[in-house]
$ cat start37.tsv   # TSV, C-alpha atoms and all ligand atoms
chain	number	residue	atom	x	y	z
A	1	MET	CA	0.00	0.00	0.00
A	2	THR	CA	2.69	2.45	1.11
A	3	HIS	CA	4.85	2.03	-1.96
A	4	ILE	CA	2.13	3.49	-4.21
A	5	LEU	CA	2.29	6.67	-2.18
A	6	ASN	CA	6.07	6.92	-2.20
A	7	LEU	CA	6.37	8.15	1.36
A	8	ASN	CA	9.53	9.60	2.77
A	9	ILE	CA	9.76	7.53	5.99
A	10	PRO	CA	11.80	7.48	8.21
A	11	THR	CA	11.88	11.26	8.23
A	12	GLU	CA	15.03	13.27	8.71
A	13	ILE	CA	15.95	15.43	11.68
A	14	THR	CA	17.11	19.03	11.23
A	15	LYS	CA	19.01	20.83	13.95
A	16	ILE	CA	17.72	24.37	14.47
A	17	LYS	CA	20.41	26.96	14.99
A	18	SER	CA	19.87	30.44	16.35
A	19	ASN	CA	21.55	33.02	18.56
A	20	LEU	CA	18.96	32.53	21.24
A	21	LEU	CA	19.52	28.78	21.37
A	22	HIS	CA	23.25	29.27	21.37
A	23	GLN	CA	23.07	31.83	24.14
A	24	LYS	CA	20.76	29.72	26.31
A	25	GLN	CA	22.59	26.49	25.49
A	26	VAL	CA	19.42	24.74	24.49
A	27	GLU	CA	19.32	22.45	21.47
A	28	ILE	CA	16.31	21.92	19.22
A	29	PHE	CA	16.04	19.03	16.79
A	30	LEU	CA	13.15	19.13	14.35
A	31	LYS	CA	11.74	15.80	13.21
A	32	ARG	CA	10.60	16.55	9.70
A	33	ASP	CA	7.30	14.71	9.35
A	34	ASP	CA	6.29	17.66	7.18
A	35	LEU	CA	8.43	16.00	4.50
A	36	ILE	CA	6.65	12.61	4.57
A	37	HIS	CA	4.66	13.53	1.49
A	38	GLU	CA	3.74	16.70	-0.35
A	39	ILE	CA	0.04	16.19	0.41
A	40	ILE	CA	-0.29	13.45	3.04
A	41	SER	CA	2.09	15.39	5.22
A	42	GLY	CA	2.94	15.46	8.88
A	43	ASN	CA	1.06	13.35	11.31
A	44	LYS	CA	-1.78	12.57	8.91
A	45	TRP	CA	-0.20	9.50	7.37
A	46	ARG	CA	0.85	8.23	10.81
A	47	LYS	CA	-2.79	8.25	11.88
A	48	LEU	CA	-4.17	6.72	8.70
A	49	LYS	CA	-1.73	3.86	8.25
A	50	TYR	CA	-3.24	1.25	10.59
A	51	ASN	CA	-6.77	2.43	9.93
A	52	PHE	CA	-6.28	1.70	6.23
A	53	GLN	CA	-4.92	-1.75	7.05
A	54	GLN	CA	-7.87	-2.43	9.32
A	55	ALA	CA	-10.41	-1.22	6.75
A	56	LYS	CA	-8.87	-3.44	4.13
A	57	SER	CA	-8.72	-6.49	6.37
A	58	GLN	CA	-12.40	-6.00	7.22
A	59	GLY	CA	-13.26	-5.92	3.52
A	60	HIS	CA	-14.23	-2.25	3.29
A	61	ASN	CA	-13.94	-0.24	0.08
A	62	THR	CA	-15.01	3.10	1.52
A	63	ILE	CA	-13.54	5.22	4.30
A	64	LEU	CA	-15.60	7.87	6.09
A	65	SER	CA	-14.18	10.61	8.25
A	66	TYR	CA	-14.84	14.08	9.63
A	67	GLY	CA	-13.39	17.56	9.63
A	68	GLY	CA	-13.82	21.32	9.35
A	69	PRO	CA	-13.91	23.14	6.00
A	70	TYR	CA	-10.11	23.57	5.98
A	71	SER	CA	-9.34	20.18	7.49
A	72	ASN	CA	-5.81	18.92	6.84
A	73	HIS	CA	-7.09	15.49	7.75
A	74	LEU	CA	-9.83	15.35	5.07
A	75	HIS	CA	-7.46	16.86	2.54
A	76	ALA	CA	-4.85	14.15	3.16
A	77	LEU	CA	-7.46	11.40	3.46
A	78	SER	CA	-9.14	12.17	0.13
A	79	TYR	CA	-5.83	12.09	-1.70
A	80	ALA	CA	-4.53	8.94	0.00
A	81	CYS	CA	-7.80	7.05	-0.54
A	82	ASN	CA	-7.91	8.03	-4.18
A	83	LYS	CA	-4.35	6.81	-4.75
A	84	ILE	CA	-4.72	3.58	-2.81
A	85	GLY	CA	-8.10	2.71	-4.28
A	86	PHE	CA	-10.55	3.38	-1.46
A	87	ASP	CA	-13.67	5.46	-1.97
A	88	SER	CA	-13.96	8.21	0.61
A	89	ILE	CA	-16.69	10.21	2.32
A	90	GLY	CA	-16.07	13.41	4.29
A	91	ILE	CA	-18.56	14.76	6.80
A	92	VAL	CA	-17.84	18.47	6.94
A	93	ARG	CA	-18.60	20.94	9.71
A	94	ASN	CA	-20.36	24.01	8.37
A	95	GLY	CA	-19.32	22.75	4.92
A	96	GLU	CA	-22.23	24.24	2.94
A	97	SER	CA	-20.82	27.75	3.43
A	98	TYR	CA	-17.37	26.75	2.21
A	99	LYS	CA	-18.18	24.17	-0.40
A	100	ASP	CA	-15.98	25.72	-3.07
A	101	ASN	CA	-12.94	26.57	-0.94
A	102	SER	CA	-9.57	25.16	-1.92
A	103	THR	CA	-9.54	22.33	0.63
A	104	LEU	CA	-13.01	21.02	-0.18
A	105	SER	CA	-12.46	21.48	-3.92
A	106	PHE	CA	-9.32	19.40	-3.59
A	107	CYS	CA	-11.26	16.72	-1.71
A	108	LYS	CA	-13.87	16.61	-4.48
A	109	GLU	CA	-11.19	16.40	-7.17
A	110	ASN	CA	-9.96	13.35	-5.32
A	111	ASN	CA	-13.43	11.81	-5.54
A	112	MET	CA	-14.31	12.34	-1.91
A	113	LYS	CA	-18.08	12.50	-1.42
A	114	LEU	CA	-18.94	15.36	0.90
A	115	TYR	CA	-21.79	15.43	3.38
A	116	TYR	CA	-22.40	18.76	5.09
A	117	LEU	CA	-23.60	19.32	8.65
A	118	ASP	CA	-24.27	22.65	10.31
A	119	ARG	CA	-22.16	23.52	13.36
A	120	SER	CA	-24.54	22.27	15.98
A	121	ASN	CA	-25.44	19.03	14.21
A	122	TYR	CA	-21.77	18.44	13.61
A	123	ARG	CA	-20.93	19.03	17.21
A	124	PHE	CA	-23.65	16.89	18.76
A	125	ASN	CA	-24.86	14.38	16.18
A	126	LYS	CA	-22.05	13.58	13.79
A	127	TYR	CA	-21.66	10.01	15.08
A	128	SER	CA	-25.41	9.42	15.50
A	129	GLN	CA	-27.01	6.36	13.90
A	130	GLU	CA	-29.54	8.58	12.17
A	131	ILE	CA	-26.91	10.57	10.31
A	132	LEU	CA	-24.74	7.56	9.57
A	133	ASN	CA	-27.76	5.70	8.16
A	134	ASP	CA	-28.54	8.65	5.92
A	135	VAL	CA	-24.96	8.74	4.67
A	136	LYS	CA	-25.07	4.99	4.03
A	137	LYS	CA	-28.31	5.36	2.06
A	138	LYS	CA	-26.87	8.19	-0.05
A	139	PHE	CA	-23.47	6.62	-0.69
A	140	SER	CA	-22.46	3.18	0.58
A	141	LYS	CA	-21.35	1.32	3.68
A	142	PHE	CA	-18.07	2.47	5.13
A	143	TYR	CA	-15.26	2.14	7.65
A	144	ILE	CA	-15.28	5.07	10.10
A	145	ILE	CA	-12.18	6.97	11.08
A	146	PRO	CA	-13.16	9.48	13.78
A	147	GLU	CA	-12.44	13.20	13.51
A	148	GLY	CA	-8.73	13.92	13.22
A	149	GLY	CA	-7.89	10.20	12.83
A	150	ASN	CA	-8.18	10.02	16.57
A	151	ASN	CA	-8.63	6.38	17.55
A	152	PHE	CA	-6.46	3.60	18.94
A	153	LEU	CA	-5.08	2.72	15.50
A	154	GLY	CA	-4.24	6.38	14.92
A	155	VAL	CA	-2.36	6.46	18.20
A	156	LYS	CA	-0.59	3.23	17.27
A	157	GLY	CA	0.74	4.82	14.09
A	158	CYS	CA	2.03	7.80	16.08
A	159	GLU	CA	3.82	5.48	18.49
A	160	GLU	CA	6.23	4.74	15.65
A	161	ILE	CA	7.46	8.31	15.16
A	162	LEU	CA	10.12	8.42	17.87
A	163	CYS	CA	11.34	4.88	17.20
A	164	GLU	CA	12.87	6.08	13.97
A	165	SER	CA	15.82	7.75	15.65
A	166	ASN	CA	17.94	7.01	18.68
A	167	LEU	CA	18.65	10.64	19.35
A	168	ASN	CA	19.00	11.48	23.01
A	169	TYR	CA	16.67	14.25	24.13
A	170	ASP	CA	15.10	15.53	27.32
A	171	TYR	CA	11.82	16.88	25.96
A	172	VAL	CA	9.51	16.11	23.08
A	173	CYS	CA	7.26	18.92	21.87
A	174	ALA	CA	4.36	18.69	19.43
A	175	PRO	CA	1.17	20.59	18.65
A	176	VAL	CA	-2.13	19.19	19.89
A	177	GLY	CA	-5.31	19.06	17.81
A	178	THR	CA	-7.33	16.08	18.96
A	179	GLY	CA	-4.37	14.86	21.01
A	180	CYS	CA	-3.98	11.67	19.00
A	181	THR	CA	-0.41	12.41	17.93
A	182	ALA	CA	0.49	13.52	21.43
A	183	SER	CA	-0.91	10.25	22.83
A	184	GLY	CA	1.20	8.14	20.49
A	185	LEU	CA	4.33	10.10	21.33
A	186	ILE	CA	3.74	9.91	25.09
A	187	ARG	CA	3.00	6.18	25.01
A	188	SER	CA	6.20	5.51	23.11
A	189	MET	CA	8.32	7.53	25.55
A	190	ASN	CA	7.88	5.18	28.55
A	191	ASN	CA	8.06	8.07	31.01
A	192	CYS	CA	11.75	8.51	30.14
A	193	HIS	CA	11.51	12.07	28.87
A	194	LYS	CA	9.01	14.87	29.22
A	195	PHE	CA	6.34	15.66	26.66
A	196	ILE	CA	4.94	19.17	26.19
A	197	GLY	CA	1.88	19.58	24.00
A	198	PHE	CA	1.18	23.02	22.53
A	199	SER	CA	-2.53	23.58	22.22
A	200	PRO	CA	-3.91	26.13	19.73
A	201	PHE	CA	-7.28	26.18	21.51
A	202	LYS	CA	-8.58	28.48	24.22
A	203	LYS	CA	-9.99	25.54	26.13
A	204	ASN	CA	-8.21	22.21	26.34
A	205	ILE	CA	-10.66	20.06	28.25
A	206	GLU	CA	-11.34	17.79	25.29
A	207	GLN	CA	-7.67	17.48	24.42
A	208	GLN	CA	-6.77	16.74	28.00
A	209	LYS	CA	-9.53	14.14	28.21
A	210	ASN	CA	-8.51	12.52	24.99
A	211	ILE	CA	-4.87	12.21	25.94
A	212	MET	CA	-5.91	10.89	29.35
A	213	HIS	CA	-7.94	8.23	27.57
A	214	PHE	CA	-4.81	6.81	25.95
A	215	CYS	CA	-2.23	7.95	28.52
A	216	ASP	CA	-3.77	7.75	31.96
A	217	PHE	CA	-1.77	9.69	34.55
A	218	LYS	CA	-1.52	6.48	36.59
A	219	LEU	CA	0.68	5.06	33.86
A	220	TYR	CA	2.06	8.14	32.14
A	221	ASN	CA	3.01	11.10	34.27
A	222	ASN	CA	5.52	12.78	32.01
A	223	TRP	CA	3.28	15.06	29.98
A	224	SER	CA	1.72	18.50	30.20
A	225	LEU	CA	-0.09	20.91	27.92
A	226	ILE	CA	0.76	24.55	27.28
A	227	SER	CA	-2.54	26.32	26.89
A	228	ASP	CA	-1.76	30.04	26.56
A	229	ASN	CA	-0.52	29.45	23.05
A	230	HIS	CA	-3.72	30.23	21.11
A	231	PHE	CA	-3.42	33.89	19.99
A	232	GLY	CA	-7.10	34.43	20.76
A	233	GLY	CA	-8.42	31.04	19.69
A	234	PHE	CA	-8.16	28.26	17.16
A	235	GLY	CA	-7.17	29.62	13.76
A	236	LYS	CA	-6.72	33.15	15.13
A	237	ILE	CA	-3.53	34.93	14.11
A	238	ASP	CA	-1.88	38.31	14.50
A	239	ASP	CA	1.01	40.24	12.95
A	240	ASN	CA	3.50	39.00	15.54
A	241	LEU	CA	2.79	35.44	14.57
A	242	ILE	CA	2.89	36.14	10.84
A	243	ASN	CA	6.20	37.97	11.17
A	244	PHE	CA	7.60	35.22	13.33
A	245	VAL	CA	6.72	32.53	10.78
A	246	ARG	CA	8.14	34.65	7.96
A	247	GLN	CA	11.38	35.22	9.86
A	248	PHE	CA	11.61	31.54	10.75
A	249	LYS	CA	11.46	30.67	7.07
A	250	LEU	CA	14.16	33.21	6.24
A	251	ASN	CA	16.43	31.95	9.02
A	252	HIS	CA	15.95	28.22	8.67
A	253	SER	CA	14.37	27.62	5.24
A	254	ILE	CA	11.57	25.74	6.97
A	255	GLU	CA	7.92	26.60	6.60
A	256	LEU	CA	5.56	26.59	9.56
A	257	ASP	CA	1.79	26.69	9.30
A	258	LEU	CA	-0.04	29.37	11.29
A	259	VAL	CA	-2.49	27.09	13.08
A	260	TYR	CA	-0.18	24.62	14.77
A	261	MET	CA	3.57	24.81	14.14
A	262	GLY	CA	3.94	28.60	14.02
A	263	LYS	CA	2.26	28.95	17.40
A	264	LEU	CA	4.29	26.08	18.83
A	265	PHE	CA	7.62	27.63	17.90
A	266	TYR	CA	6.54	31.09	18.97
A	267	SER	CA	5.67	29.78	22.45
A	268	LEU	CA	8.66	27.46	22.63
A	269	PHE	CA	11.08	30.30	21.87
A	270	TYR	CA	9.31	32.40	24.47
A	271	LEU	CA	9.80	29.65	27.07
A	272	ILE	CA	13.46	29.52	26.16
A	273	THR	CA	13.88	33.28	26.60
A	274	GLN	CA	12.26	32.85	30.05
A	275	ASP	CA	14.82	30.15	31.00
A	276	PHE	CA	12.12	27.52	31.29
A	277	PHE	CA	14.68	24.91	30.21
A	278	LEU	CA	17.95	24.15	31.97
A	279	LYS	CA	21.21	24.67	30.12
A	280	LYS	CA	22.16	21.70	27.90
A	281	THR	CA	18.54	20.68	27.42
A	282	LYS	CA	17.86	18.81	24.20
A	283	ILE	CA	14.40	19.23	22.72
A	284	LEU	CA	12.91	17.16	19.93
A	285	VAL	CA	10.10	19.00	18.13
A	286	LEU	CA	7.78	17.12	15.79
A	287	HIS	CA	6.94	19.08	12.64
A	288	THR	CA	3.41	17.92	11.95
A	289	GLY	CA	3.13	19.61	8.55
A	290	GLY	CA	-0.21	21.30	7.86
A	291	LEU	CA	0.81	23.71	5.15
A	292	GLN	CA	-2.25	23.24	2.95
A	293	GLY	CA	-4.70	25.00	5.29
A	294	VAL	CA	-3.15	28.43	4.93
A	295	GLN	CA	-5.86	29.74	2.59
A	296	GLY	CA	-8.36	29.71	5.47
A	297	PHE	CA	-6.77	32.80	6.94
A	298	ASN	CA	-7.67	35.12	4.15
A	299	LEU	CA	-11.25	34.12	4.66
A	300	GLY	CA	-11.24	34.39	8.43
A	301	THR	CA	-12.06	30.82	9.33
A	302	SER	CA	-10.21	27.66	10.13
B	401	LIG	C1	-3.88	17.66	12.20
B	401	LIG	C2	-2.75	18.41	12.70
B	401	LIG	C3	-2.38	18.44	14.05
B	401	LIG	C4	-3.23	17.79	15.12
B	401	LIG	O1	-2.90	16.46	15.38
B	401	LIG	P1	-3.70	15.63	16.47
B	401	LIG	O2	-3.18	14.25	16.31
B	401	LIG	O3	-5.15	15.69	16.09
B	401	LIG	O4	-3.45	16.21	17.79
B	401	LIG	C5	-1.23	19.09	14.41
B	401	LIG	N1	-0.48	19.74	13.50
B	401	LIG	C6	-0.83	19.78	12.20
B	401	LIG	C7	0.02	20.56	11.28
B	401	LIG	C8	-1.97	19.13	11.75
B	401	LIG	O5	-2.32	19.20	10.46
$ encode --input "start37.tsv" --output "structure tokens"
Amino acid sequence: MTHILNLNIPTEITKIKSNLLHQKQVEIFLKRDDLIHEIISGNKWRKLKYNFQQAKSQGHNTILSYGGPYSNHLHALSYACNKIGFDSIGIVRNGESYKDNSTLSFCKENNMKLYYLDRSNYRFNKYSQEILNDVKKKFSKFYIIPEGGNNFLGVKGCEEILCESNLNYDYVCAPVGTGCTASGLIRSMNNCHKFIGFSPFKKNIEQQKNIMHFCDFKLYNNWSLISDNHFGGFGKIDDNLINFVRQFKLNHSIELDLVYMGKLFYSLFYLITQDFFLKKTKILVLHTGGLQGVQGFNLGTS
């Protein structure tokens, strides 16, 4: 399956150099999952891998999943399914209003069938039997991958990320959407190092709950979430952030998206200026990709 997609795994690690890091004697290594694939980039393939295997072994031809109108997950899923030979269905939050945006147009070009739900129906009823039956009637039966690829098989795929290198580090940092990627990373760390998740949301109750589901504090006590990293809320940006991301690209030739990675690095550098980390600390940051969603900003949504 994987060879059709020509994925760049294991991914390389880039050392980030800057005056600040030099001065504070902190090292940052960036695991380049953004380079896995031009379209199925970052953590998206990690979360799909075992779900695809499961769908296939259960005899399914169609994959159904969920996302917002600029969802990186649906974007990657539609492309991967089309290449591998699955049909795909996307249930889209508030999708009617955005049905011709670049992300959803891309999904349609990749033969994804779209089913739109308004915000409240999406929030409360997206997994309801009634809606799933209607989708089945309209299209076909399907294998469900929950929103954001966030299930046990998604976590399992993310448990493989850190195994690819034997670099010695003290901290692992990654952005948190559903918390699926974070869960996989934490579970694979065996409490040896600390994990810091950078949340782009104002409220993190769901993220916290989700990570707890896979990484109960009784077994995993090495993780925490940074929650004042949201710039006003999910998808919200300001000039500081835009300038930071621009400068980061000039300095390091690495692109960061504004929803997840830009905010992570902005906050991480701030922590470093505040001497949050001891001298000689080694930090591994996971670059989760996400560069397709950028168009959402001009339109004021995410
Ligand atoms: C989807 C996505 C995330 C969120 O990952 P979760 O596993 O849902 O926490 C983080 N970063 C980028 C760039 C993404 O596209």
$ closest_residue --input "start37.tsv" --among "A:Ile9, A:Gln23, A:Tyr260, A:Gly148" --to "A:His75" --atoms "all atoms listed in the file"
A:Gly148
$ residues_near_ligand --input "start37.tsv" --ligand "ligand LIG 401 (chain B)" --cutoff "8 Å" --atoms "all atoms listed in the file" --output "ChimeraX atom specification"
/A:41-44,47,71-73,148-150,174-183,207,257,259-261,287-291
$ atom_distance --input "start37.tsv" --atom1 "atom CA of A:Lys31" --atom2 "atom CA of A:Ile13"
4.5 Å
$ closest_residue --input "start37.tsv" --among "A:Leu48, A:Ala80, A:Leu74, A:Leu114" --to "A:Cys158" --atoms "only C-alpha atoms"
A:Leu48
$ axis_aligned_box --input "start37.tsv" --around "stretch 286-290 of chain A" --padding-each-side "6 Å" --output "lines of an AutoDock Vina configuration file"
center_x = 3.8
center_y = 19.2
center_z = 11.8
size_x = 20.0
size_y = 16.2
size_z = 19.9
$ closest_residue --input "start37.tsv" --among "A:Gly68, A:Tyr116, A:Asn51, A:Gln292" --to "A:Glu255" --atoms "only C-alpha atoms"
A:Gln292
$ atom_distance --input "start37.tsv" --atom1 "atom CA of A:Asp100" --atom2 "atom CA of A:Gly232"
26.9 Å
$ residues_around --input "start37.tsv" --residues "A:Ile91" --least-positions-apart "5" --cutoff "8 Å" --atoms "all atoms listed in the file" --output "PyMOL selection string"
chain A and resi 64-67+114-117+126
$ atom_distance --input "start37.tsv" --atom1 "atom CA of A:Phe248" --atom2 "atom CA of A:Thr103"
25.2 Å
$ closest_residue --input "start37.tsv" --among "A:Asn210, A:Ser199, A:Gln58, A:Asn240" --to "A:Ile226" --atoms "only C-alpha atoms"
A:Ser199
$ residues_near_point --input "start37.tsv" --point "(4.8, 30.3, 24.8)" --cutoff "10 Å" --atoms "all atoms listed in the file" --output "PyMOL selection string"
chain A and resi 198+226-230+263-274
$ residues_around --input "start37.tsv" --residues "A:Leu5" --least-positions-apart "4" --cutoff "12 Å" --atoms "only C-alpha atoms" --output "list in words"
Met1, Ile9, Ile36, His37, Glu38, Ile39, Ile40, Ser41, Trp45, Lys49, Ala76, Tyr79, Ala80, Cys81, Asn82, Lys83, Ile84 and Gly85 of chain A
$ write_last_selection --input "start37.tsv" --atoms "C-alpha atoms" --output "short mmCIF file (atom, residue, chain, number, x, y, z; two decimals), keeping the file's coordinate frame"
data_model
loop_
_atom_site.label_atom_id
_atom_site.label_comp_id
_atom_site.auth_asym_id
_atom_site.auth_seq_id
_atom_site.Cartn_x
_atom_site.Cartn_y
_atom_site.Cartn_z
CA MET A 1 0.00 0.00 0.00
CA ILE A 9 9.76 7.53 5.99
CA ILE A 36 6.65 12.61 4.57
CA HIS A 37 4.66 13.53 1.49
CA GLU A 38 3.74 16.70 -0.35
CA ILE A 39 0.04 16.19 0.41
CA ILE A 40 -0.29 13.45 3.04
CA SER A 41 2.09 15.39 5.22
CA TRP A 45 -0.20 9.50 7.37
CA LYS A 49 -1.73 3.86 8.25
CA ALA A 76 -4.85 14.15 3.16
CA TYR A 79 -5.83 12.09 -1.70
CA ALA A 80 -4.53 8.94 0.00
CA CYS A 81 -7.80 7.05 -0.54
CA ASN A 82 -7.91 8.03 -4.18
CA LYS A 83 -4.35 6.81 -4.75
CA ILE A 84 -4.72 3.58 -2.81
CA GLY A 85 -8.10 2.71 -4.28
#
$ residues_around --input "start37.tsv" --residues "A:Lys113" --least-positions-apart "6" --cutoff "9 Å" --atoms "all atoms listed in the file" --output "number ranges by chain"
A: 87-91, 107, 139
$ closest_residue --input "start37.tsv" --among "A:Ile145, A:Ile186, A:Leu225, A:Val155" --to "A:Ile205" --atoms "all atoms listed in the file"
A:Leu225
$ closest_residue --input "start37.tsv" --among "A:Gln129, A:Gln54, A:Ser120, A:Thr2" --to "A:Val92" --atoms "all atoms listed in the file"
A:Ser120
